[in-house]
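To be precise, the following lines are final-v1.tsv, and they hold TSV, C-alpha atoms.
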chain	number	residue	atom	x	y	z
L	300	MET	CA	19.53	-25.01	13.88
L	301	SER	CA	22.01	-22.22	13.15
L	302	ILE	CA	21.57	-19.14	11.01
L	303	LYS	CA	24.45	-17.83	8.91
L	304	GLY	CA	26.23	-15.05	10.77
L	305	SER	CA	25.10	-16.21	14.24
L	306	GLY	CA	25.54	-19.09	16.63
L	307	PRO	CA	23.18	-21.99	17.38
L	308	HIS	CA	19.65	-21.04	18.43
L	309	SER	CA	17.41	-22.77	20.94
L	310	ARG	CA	13.69	-23.10	20.24
L	311	ARG	CA	13.07	-20.15	22.58
L	312	ASP	CA	15.71	-18.07	20.81
L	313	LEU	CA	14.05	-18.89	17.50
L	314	MET	CA	10.71	-17.69	18.83
L	315	LYS	CA	12.35	-14.46	19.99
L	316	GLY	CA	14.02	-14.14	16.61
L	317	ALA	CA	10.73	-14.54	14.83
L	318	ALA	CA	9.18	-11.87	17.00
L	319	LEU	CA	12.11	-9.56	16.30
L	320	GLY	CA	11.83	-10.34	12.60
L	321	ALA	CA	8.16	-9.41	12.64
L	322	GLY	CA	9.02	-6.28	14.60
L	323	ALA	CA	11.56	-5.26	11.99
L	324	LEU	CA	9.04	-5.92	9.26
L	325	PHE	CA	6.43	-3.79	11.01
L	326	GLY	CA	9.01	-1.14	11.87
L	327	GLY	CA	9.76	-0.43	8.24
L	328	MET	CA	12.94	-2.42	7.65
L	329	GLY	CA	11.71	-5.49	5.79
L	330	MET	CA	12.78	-9.08	6.54
L	331	THR	CA	16.22	-10.34	5.65
L	332	PRO	CA	16.52	-13.90	4.32
L	333	GLN	CA	17.80	-14.92	7.77
L	334	MET	CA	14.69	-13.48	9.43
L	335	ALA	CA	12.49	-15.24	6.91
L	336	ALA	CA	14.22	-18.53	7.77
L	337	ILE	CA	13.60	-17.95	11.46
L	338	ALA	CA	9.96	-17.08	10.79
L	339	LYS	CA	9.50	-20.25	8.76
L	340	GLU	CA	11.02	-22.35	11.53
L	341	ALA	CA	9.48	-20.77	14.61
L	342	GLY	CA	6.52	-18.61	13.60
L	343	ARG	CA	4.75	-21.07	11.33
L	344	SER	CA	1.39	-22.37	12.52
L	345	SER	CA	1.48	-26.06	13.35
L	346	LYS	CA	-1.96	-26.52	11.79
L	347	PRO	CA	-3.23	-25.02	8.53
L	348	LEU	CA	-5.02	-21.70	9.00
L	349	LYS	CA	-7.66	-20.23	6.73
L	350	ALA	CA	-7.51	-16.51	6.00
L	351	ALA	CA	-9.64	-14.28	3.78
L	352	PHE	CA	-8.11	-11.24	2.08
L	353	SER	CA	-9.58	-8.43	0.03
L	354	ASN	CA	-8.07	-5.28	-1.40
L	355	ALA	CA	-9.48	-2.52	-3.55
L	356	GLY	CA	-9.14	-4.29	-6.89
L	357	LEU	CA	-6.68	-6.58	-8.61
L	358	GLN	CA	-6.76	-4.39	-11.73
L	359	ALA	CA	-4.44	-2.10	-9.73
L	360	THR	CA	-0.79	-3.12	-9.84
L	361	TRP	CA	-0.35	-2.38	-6.12
L	362	CYS	CA	-3.21	-4.70	-5.22
L	363	ALA	CA	-1.98	-7.48	-7.51
L	364	GLN	CA	1.48	-7.30	-5.96
L	365	GLY	CA	-0.12	-7.39	-2.50
L	366	LYS	CA	-1.97	-10.59	-3.37
L	367	GLN	CA	1.29	-12.21	-4.46
L	368	ALA	CA	2.96	-11.15	-1.22
L	369	ALA	CA	0.08	-12.39	0.97
L	370	GLU	CA	0.14	-15.77	-0.74
L	371	TYR	CA	3.94	-15.99	-0.42
L	372	TRP	CA	3.91	-15.20	3.31
L	373	GLY	CA	0.88	-17.43	3.73
L	374	LYS	CA	2.90	-20.41	2.48
L	375	LEU	CA	5.70	-19.56	4.93
L	376	PHE	CA	3.28	-19.45	7.86
L	377	ASN	CA	0.98	-22.36	6.86
L	378	VAL	CA	-1.95	-20.10	5.93
L	379	GLU	CA	-4.33	-20.80	3.06
L	380	VAL	CA	-5.27	-17.40	1.63
L	381	THR	CA	-8.64	-17.02	-0.11
L	382	TRP	CA	-9.12	-13.84	-2.15
L	383	PHE	CA	-12.22	-11.65	-2.44
L	384	ASP	CA	-11.54	-9.10	-5.19
L	385	GLY	CA	-12.86	-5.58	-4.62
L	386	GLN	CA	-12.86	-4.90	-8.38
L	387	LEU	CA	-12.24	-1.15	-7.80
L	388	ASP	CA	-15.93	-0.77	-7.01
L	389	ALA	CA	-17.40	-0.10	-3.56
L	390	VAL	CA	-20.67	-1.93	-4.31
L	391	LYS	CA	-18.92	-5.01	-5.70
L	392	GLN	CA	-16.47	-5.11	-2.81
L	393	ARG	CA	-19.33	-4.85	-0.31
L	394	SER	CA	-20.98	-7.87	-1.94
L	395	ALA	CA	-17.69	-9.78	-1.72
L	396	ILE	CA	-17.22	-8.90	1.96
L	397	ASP	CA	-20.83	-9.85	2.75
L	398	ASN	CA	-19.95	-13.24	1.26
L	399	MET	CA	-16.73	-13.35	3.28
L	400	ALA	CA	-18.63	-12.57	6.49
L	401	SER	CA	-20.97	-15.52	5.91
L	402	GLN	CA	-18.05	-17.95	6.27
L	403	LYS	CA	-15.67	-19.00	9.04
L	404	TRP	CA	-12.06	-17.80	8.98
L	405	ASP	CA	-9.12	-17.87	11.36
L	406	PHE	CA	-8.41	-14.24	10.47
L	407	VAL	CA	-9.12	-11.77	7.68
L	408	ALA	CA	-7.32	-8.76	6.18
L	409	ILE	CA	-9.08	-6.04	4.18
L	410	GLN	CA	-8.21	-2.89	2.26
L	411	ALA	CA	-11.48	-1.02	1.78
L	412	PHE	CA	-12.19	0.79	-1.47
L	413	GLY	CA	-13.95	3.50	0.55
L	414	ILE	CA	-14.26	4.38	4.22
L	415	GLY	CA	-17.50	3.25	5.85
L	416	THR	CA	-18.56	0.97	2.99
L	417	LEU	CA	-17.76	-2.33	4.75
L	418	THR	CA	-18.49	-1.56	8.39
L	419	ALA	CA	-21.47	-3.88	8.91
L	420	PRO	CA	-19.99	-7.15	7.55
L	421	VAL	CA	-16.63	-6.42	9.18
L	422	ASN	CA	-18.34	-5.87	12.55
L	423	LYS	CA	-20.16	-9.16	12.04
L	424	MET	CA	-16.81	-10.95	11.70
L	425	ILE	CA	-15.30	-9.12	14.67
L	426	GLU	CA	-18.30	-10.04	16.83
L	427	ALA	CA	-17.79	-13.66	15.78
L	428	GLY	CA	-14.27	-13.51	17.25
L	429	ILE	CA	-12.40	-13.32	13.95
L	430	PRO	CA	-9.33	-11.02	14.08
L	431	VAL	CA	-9.62	-8.39	11.32
L	432	ILE	CA	-6.49	-6.64	10.06
L	433	ASP	CA	-7.11	-3.36	8.25
L	434	MET	CA	-4.74	-2.67	5.36
L	435	ASP	CA	-3.66	0.66	3.84
L	436	THR	CA	-6.90	2.62	4.25
L	437	LEU	CA	-9.48	2.90	7.02
L	438	ILE	CA	-12.43	0.51	6.97
L	439	ALA	CA	-13.90	2.95	9.49
L	440	PRO	CA	-12.29	5.34	12.01
L	441	LEU	CA	-10.27	3.32	14.51
L	442	ASP	CA	-12.32	4.64	17.44
L	443	GLN	CA	-15.46	3.28	15.78
L	444	ILE	CA	-14.42	-0.25	14.82
L	445	ASN	CA	-12.44	-2.82	16.78
L	446	VAL	CA	-10.01	-4.05	14.13
L	447	HIS	CA	-7.02	-5.98	15.40
L	448	SER	CA	-4.60	-3.52	13.80
L	449	LEU	CA	-4.22	-1.10	10.88
L	450	LEU	CA	-1.11	-1.48	8.72
L	451	ALA	CA	-0.83	1.62	6.56
L	452	PRO	CA	1.65	4.18	5.30
L	453	ASP	CA	1.56	7.85	6.20
L	454	ASN	CA	-0.34	8.90	3.09
L	455	GLU	CA	0.03	12.60	3.84
L	456	PHE	CA	3.81	12.15	4.00
L	457	MET	CA	3.79	10.27	0.69
L	458	GLY	CA	1.75	12.96	-1.05
L	459	ALA	CA	3.89	15.74	0.37
L	460	SER	CA	7.23	14.08	-0.38
L	461	VAL	CA	6.51	13.44	-4.07
L	462	THR	CA	4.93	16.88	-4.49
L	463	GLN	CA	7.98	18.47	-2.90
L	464	ALA	CA	10.25	16.62	-5.32
L	465	LEU	CA	8.17	17.89	-8.24
L	466	VAL	CA	8.13	21.45	-6.90
L	467	ASN	CA	11.89	21.38	-6.50
L	468	ALA	CA	12.25	20.12	-10.08
L	469	ILE	CA	10.31	23.12	-11.44
L	470	ASN	CA	12.12	25.57	-9.14
L	471	GLY	CA	9.05	26.44	-7.11
L	472	GLU	CA	7.02	28.08	-9.87
L	473	GLY	CA	4.78	27.10	-12.75
L	474	THR	CA	1.67	24.98	-13.24
L	475	ILE	CA	0.78	21.66	-11.63
L	476	VAL	CA	-2.07	19.14	-11.75
L	477	MET	CA	-3.14	16.60	-9.13
L	478	THR	CA	-5.04	13.56	-10.41
L	479	GLN	CA	-6.67	11.94	-7.40
L	480	GLY	CA	-7.74	8.41	-6.58
L	481	ALA	CA	-11.18	7.56	-5.18
L	482	LEU	CA	-12.31	10.40	-2.92
L	483	GLY	CA	-13.75	8.01	-0.32
L	484	HIS	CA	-10.38	6.22	0.05
L	485	THR	CA	-8.62	7.55	3.16
L	486	GLY	CA	-5.25	7.00	1.49
L	487	ALA	CA	-6.25	9.29	-1.36
L	488	GLN	CA	-7.52	11.84	1.15
L	489	GLY	CA	-4.15	11.85	2.91
L	490	ARG	CA	-2.22	12.14	-0.36
L	491	ALA	CA	-4.34	15.14	-1.32
L	492	ARG	CA	-3.64	16.80	2.03
L	493	GLY	CA	0.07	16.22	1.52
L	494	PHE	CA	-0.06	17.74	-1.96
L	495	LYS	CA	-1.93	20.81	-0.74
L	496	SER	CA	0.37	21.32	2.25
L	497	VAL	CA	3.33	21.68	-0.12
L	498	VAL	CA	1.83	23.81	-2.89
L	499	ALA	CA	0.42	26.21	-0.28
L	500	LYS	CA	4.00	27.26	0.46
L	501	PHE	CA	4.71	28.28	-3.13
L	502	PRO	CA	2.61	31.24	-4.30
L	503	LYS	CA	4.14	31.09	-7.78
L	504	ILE	CA	2.65	27.64	-8.40
L	505	GLN	CA	-0.80	27.44	-9.98
L	506	VAL	CA	-2.89	24.29	-9.50
L	507	LEU	CA	-4.77	23.73	-12.75
L	508	ASP	CA	-6.88	20.67	-11.92
L	509	GLU	CA	-7.63	18.26	-9.06
L	510	GLN	CA	-10.13	15.83	-10.60
L	511	PRO	CA	-10.46	12.31	-9.16
L	512	ALA	CA	-9.94	9.41	-11.56
L	513	ASP	CA	-10.87	6.65	-9.06
L	514	TRP	CA	-7.71	4.62	-9.82
L	515	ASP	CA	-9.22	3.97	-13.29
L	516	VAL	CA	-6.61	4.21	-16.06
L	517	THR	CA	-9.28	4.62	-18.74
L	518	LYS	CA	-10.74	7.59	-16.88
L	519	VAL	CA	-7.23	9.01	-16.46
L	520	ALA	CA	-6.67	8.89	-20.21
L	521	ARG	CA	-9.92	10.81	-20.83
L	522	ILE	CA	-9.06	13.43	-18.22
L	523	TRP	CA	-5.59	13.97	-19.59
L	524	GLU	CA	-6.71	14.15	-23.21
L	525	ALA	CA	-8.85	17.09	-22.12
L	526	LEU	CA	-6.19	18.70	-19.91
L	527	LEU	CA	-3.54	18.64	-22.63
L	528	THR	CA	-6.00	20.22	-25.06
L	529	LYS	CA	-6.99	22.91	-22.57
L	530	TYR	CA	-3.57	23.85	-21.19
L	531	PRO	CA	-0.62	24.55	-23.49
L	532	LYS	CA	1.86	24.11	-20.62
L	533	ILE	CA	1.71	21.81	-17.59
L	534	ASP	CA	4.98	21.83	-15.69
L	535	ALA	CA	4.29	19.04	-13.21
L	536	ALA	CA	1.68	16.42	-12.35
L	537	PHE	CA	1.11	14.43	-9.18
L	538	PHE	CA	-0.89	11.20	-9.40
L	539	HIS	CA	-2.26	9.28	-6.43
L	540	ASN	CA	-0.88	6.02	-7.81
L	541	ASP	CA	1.61	4.87	-10.41
L	542	ASP	CA	-0.92	3.18	-12.68
L	543	MET	CA	-2.64	6.51	-13.24
L	544	ALA	CA	0.69	8.30	-13.71
L	545	LEU	CA	1.80	5.82	-16.38
L	546	ALA	CA	-1.56	5.99	-18.15
L	547	ALA	CA	-1.30	9.78	-18.35
L	548	SER	CA	2.33	9.52	-19.46
L	549	LYS	CA	1.21	7.50	-22.50
L	550	VAL	CA	-1.25	10.25	-23.44
L	551	MET	CA	1.45	12.90	-23.02
L	552	GLN	CA	3.90	10.98	-25.18
L	553	ALA	CA	1.30	10.45	-27.90
L	554	LYS	CA	0.73	14.21	-28.02
L	555	GLY	CA	4.42	15.09	-27.87
L	556	ARG	CA	3.96	16.75	-24.47
L	557	THR	CA	6.91	15.30	-22.60
L	558	GLU	CA	7.89	18.45	-20.72
L	559	THR	CA	5.72	17.59	-17.69
L	560	LYS	CA	7.49	16.28	-14.60
L	561	ILE	CA	5.47	13.27	-13.42
L	562	GLY	CA	5.22	11.94	-9.87
L	563	GLY	CA	3.30	8.92	-8.58
L	564	VAL	CA	2.72	6.81	-5.50
L	565	ASP	CA	3.42	3.11	-4.82
L	566	ALA	CA	6.84	2.63	-6.50
L	567	MET	CA	5.60	-0.34	-8.50
L	568	PRO	CA	8.12	-2.03	-10.84
L	569	PRO	CA	6.82	-0.37	-14.06
L	570	ALA	CA	7.00	3.04	-12.39
L	571	ILE	CA	10.50	2.43	-11.05
L	572	LYS	CA	11.59	1.50	-14.56
L	573	ALA	CA	9.96	4.69	-15.87
L	574	VAL	CA	11.94	6.68	-13.28
L	575	GLN	CA	15.12	4.95	-14.42
L	576	GLU	CA	14.33	5.81	-18.05
L	577	GLY	CA	13.30	9.40	-17.26
L	578	SER	CA	9.64	9.28	-18.33
L	579	MET	CA	8.67	9.64	-14.65
L	580	PHE	CA	10.49	11.96	-12.29
L	581	ALA	CA	9.71	10.30	-8.95
L	582	THR	CA	7.46	7.98	-7.00
L	583	VAL	CA	7.27	6.90	-3.36
L	584	ARG	CA	7.02	3.39	-1.99
L	585	ASN	CA	3.70	2.40	-0.51
L	586	PRO	CA	4.95	-0.97	0.75
L	587	SER	CA	2.37	-3.39	-0.60
L	588	CYS	CA	4.48	-6.44	0.24
L	589	ARG	CA	5.11	-5.34	3.81
L	590	ILE	CA	1.45	-4.45	4.38
L	591	HIS	CA	0.03	-7.69	2.97
L	592	GLY	CA	2.81	-9.91	4.33
L	593	GLY	CA	2.68	-8.16	7.68
L	594	SER	CA	-1.05	-8.80	7.83
L	595	VAL	CA	-0.37	-12.54	7.52
L	596	ILE	CA	2.10	-12.35	10.42
L	597	ALA	CA	-0.31	-10.28	12.53
L	598	GLY	CA	-3.12	-12.73	11.88
L	599	VAL	CA	-1.01	-15.78	12.72
L	600	ASN	CA	0.21	-14.17	15.95
L	601	ALA	CA	-3.37	-13.32	16.92
L	602	VAL	CA	-4.58	-16.88	16.33
L	603	VAL	CA	-1.58	-18.99	17.39
L	604	ASN	CA	-0.08	-16.84	20.14
L	605	GLY	CA	-3.20	-15.01	21.28
L	606	GLU	CA	-1.53	-11.66	20.65
L	607	LYS	CA	-3.77	-8.77	21.65
L	608	THR	CA	-3.84	-5.14	20.61
L	609	GLY	CA	-2.17	-2.69	22.96
L	610	PRO	CA	0.74	-2.61	25.44
L	611	GLY	CA	2.86	-5.72	25.10
L	612	GLY	CA	0.99	-6.71	21.93
L	613	ILE	CA	0.52	-5.39	18.42
L	614	PRO	CA	0.01	-1.62	18.06
L	615	LYS	CA	-3.41	-0.51	16.90
L	616	ASN	CA	-1.85	1.48	14.05
L	617	ILE	CA	1.40	0.36	12.41
L	618	VAL	CA	2.96	2.92	10.08
L	619	THR	CA	4.60	1.28	7.06
L	620	ASP	CA	6.39	4.10	5.32
L	621	GLY	CA	8.68	3.72	2.33
L	622	PRO	CA	11.17	6.06	0.64
L	623	VAL	CA	10.86	8.43	-2.27
L	624	VAL	CA	12.26	6.76	-5.39
L	625	THR	CA	14.40	8.62	-7.91
L	626	LYS	CA	17.08	7.48	-10.32
L	627	ALA	CA	19.52	7.45	-7.40
L	628	ASN	CA	17.89	4.53	-5.54
L	629	ALA	CA	15.63	2.86	-8.10
L	630	ASP	CA	17.81	-0.24	-8.65
L	631	GLY	CA	17.73	-1.25	-4.98
L	632	MET	CA	13.98	-0.75	-4.74
L	633	LEU	CA	13.34	-3.16	-7.60
L	634	TRP	CA	15.40	-5.87	-5.92
L	635	MET	CA	13.61	-5.50	-2.57
L	636	GLU	CA	10.20	-5.74	-4.20
L	637	ASP	CA	11.24	-8.88	-6.06
L	638	GLN	CA	11.99	-10.44	-2.65
L	639	PHE	CA	8.58	-9.35	-1.22
L	640	LEU	CA	10.49	-7.36	1.41
L	641	ILE	CA	9.17	-3.84	1.06
Structure re-expressed in structure tokens:
Amino acid sequence: MSIKGSGPHSRRDLMKGAALGAGALFGGMGMTPQMAAIAKEAGRSSKPLKAAFSNAGLQATWCAQGKQAAEYWGKLFNVEVTWFDGQLDAVKQRSAIDNMASQKWDFVAIQAFGIGTLTAPVNKMIEAGIPVIDMDTLIAPLDQINVHSLLAPDNEFMGASVTQALVNAINGEGTIVMTQGALGHTGAQGRARGFKSVVAKFPKIQVLDEQPADWDVTKVARIWEALLTKYPKIDAAFFHNDDMALAASKVMQAKGRTETKIGGVDAMPPAIKAVQEGSMFATVRNPSCRIHGGSVIAGVNAVVNGEKTGPGGIPKNIVTDGPVVTKANADGMLWMEDQFLI
């Protein structure tokens, strides 16, 4: 077999190529079509594998995109992916994971709705010898649970980078609101720390509100109806995900309050289009495709190749950062998401 742009590859070279492709994916670069071809040829399991996945809730655009990516990469690597929806509810997700833990899987991958809510059933699976990949947010602190690996962005960086863009847009003074996700979600906790680290440097900025909306767009609409009634001027607003940002934007537009600079997190296609059109100022890519697709690759390597955590194996914590998205780079981001690359 030969790959365009390179010479013939032996089976061993293909295996090395697949490993390098996975390394690039984990390192934040995304897979090229050539790498995907190598992965399909050399990294694919020779027998069908069964994997269970769960993320916070498929109502969230980020989670729905992640499911698509996991299923896409599952087909490449001969993995049947079964989904256990978290439904944006810690109790419902716990019930789903209890069900998951009662069954046999080759590997599982989970994004917890809240830290510490899934520890017991996840430990049950780990004790049964099932590799567990943690996605995006901590199931439990890494020194307290033996997950195979955590694939997650630097949430503090994401919160700080979007907040900094908003602060720059309002020239370092004025009023700002942060609408948070679920407070038990370690990603939301990191985004809040990033927000606070930036606004602390600007004494002329007043934070008006920091209520959590739990990723719930209906709750966001209620919060922002009240905020726009209470405050005659809100210069900027940072939201812990794009779905909440877009829900608030609709409320603002209905009230004719379009002066607010809006920032989100995830860089989902609707948000990127809003950035292109000017109704959102910025977002930052939380790479759903890379996290969910990378979890498939990590699971396959653990099962097929016996890859362990640590030196010479997969790192315990893989940082999957993405860029801030503005009008300047929005077109390219949409294309990469369409290819399940980032």
With distances taken over only C-alpha atoms, which residue among L:Ala627, L:Ala544, L:Met635, L:Ile396 lies nearest Thr416 (chain L)?
L:Ile396
If we count all atoms listed in the file, what is near Met399 (chain L) at a cut-off of 9 Å, once residues fewer than 2 positions away on the same chain are taken out, given as number ranges by chain?
L: 351-352, 383, 394-397, 401-404, 407, 420, 424
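Computed from the coordinates, the CA of Glu379 (chain L) to CA of Leu348 (chain L) distance equals 6.0 Å.
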Please list as a ChimeraX atom specification every residue within 10 Å of Gly562 (chain L), counting only C-alpha atoms and excluding residues in the same chain fewer than 4 positions away.
/L:458,460-465,477,535-541,544-545,570,574,578-583,624-625
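Shortest atom-to-atom contact with Ala512 (chain L) among L:Ala481, L:Ala451, L:Val497, L:Ala491: L:Ala481, counting only C-alpha atoms.
Comparing L:Ala368, L:Val476, L:Val466, L:Ala427 by their smallest distance to Lys503 (chain L), the closest is L:Val466 (using all atoms listed in the file).
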Could you list, as a PyMOL selection string, every residue within 12 Å of region 523-532 of chain L, counting only C-alpha atoms and ignoring same-chain residues fewer than 4 positions away?
chain L and resi 473-478+505-512+516-519+536+538+543-560
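The closest residue to Pro430 (chain L), picked from L:Thr381, L:Ser448, L:Thr418, L:Gln443 and counting all atoms listed in the file, is L:Ser448.
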Which residue is closest to Gly593 (chain L)? Choose from L:Ile617, L:Leu441, L:Val380, L:Leu417 and count all atoms listed in the file.
L:Ile617
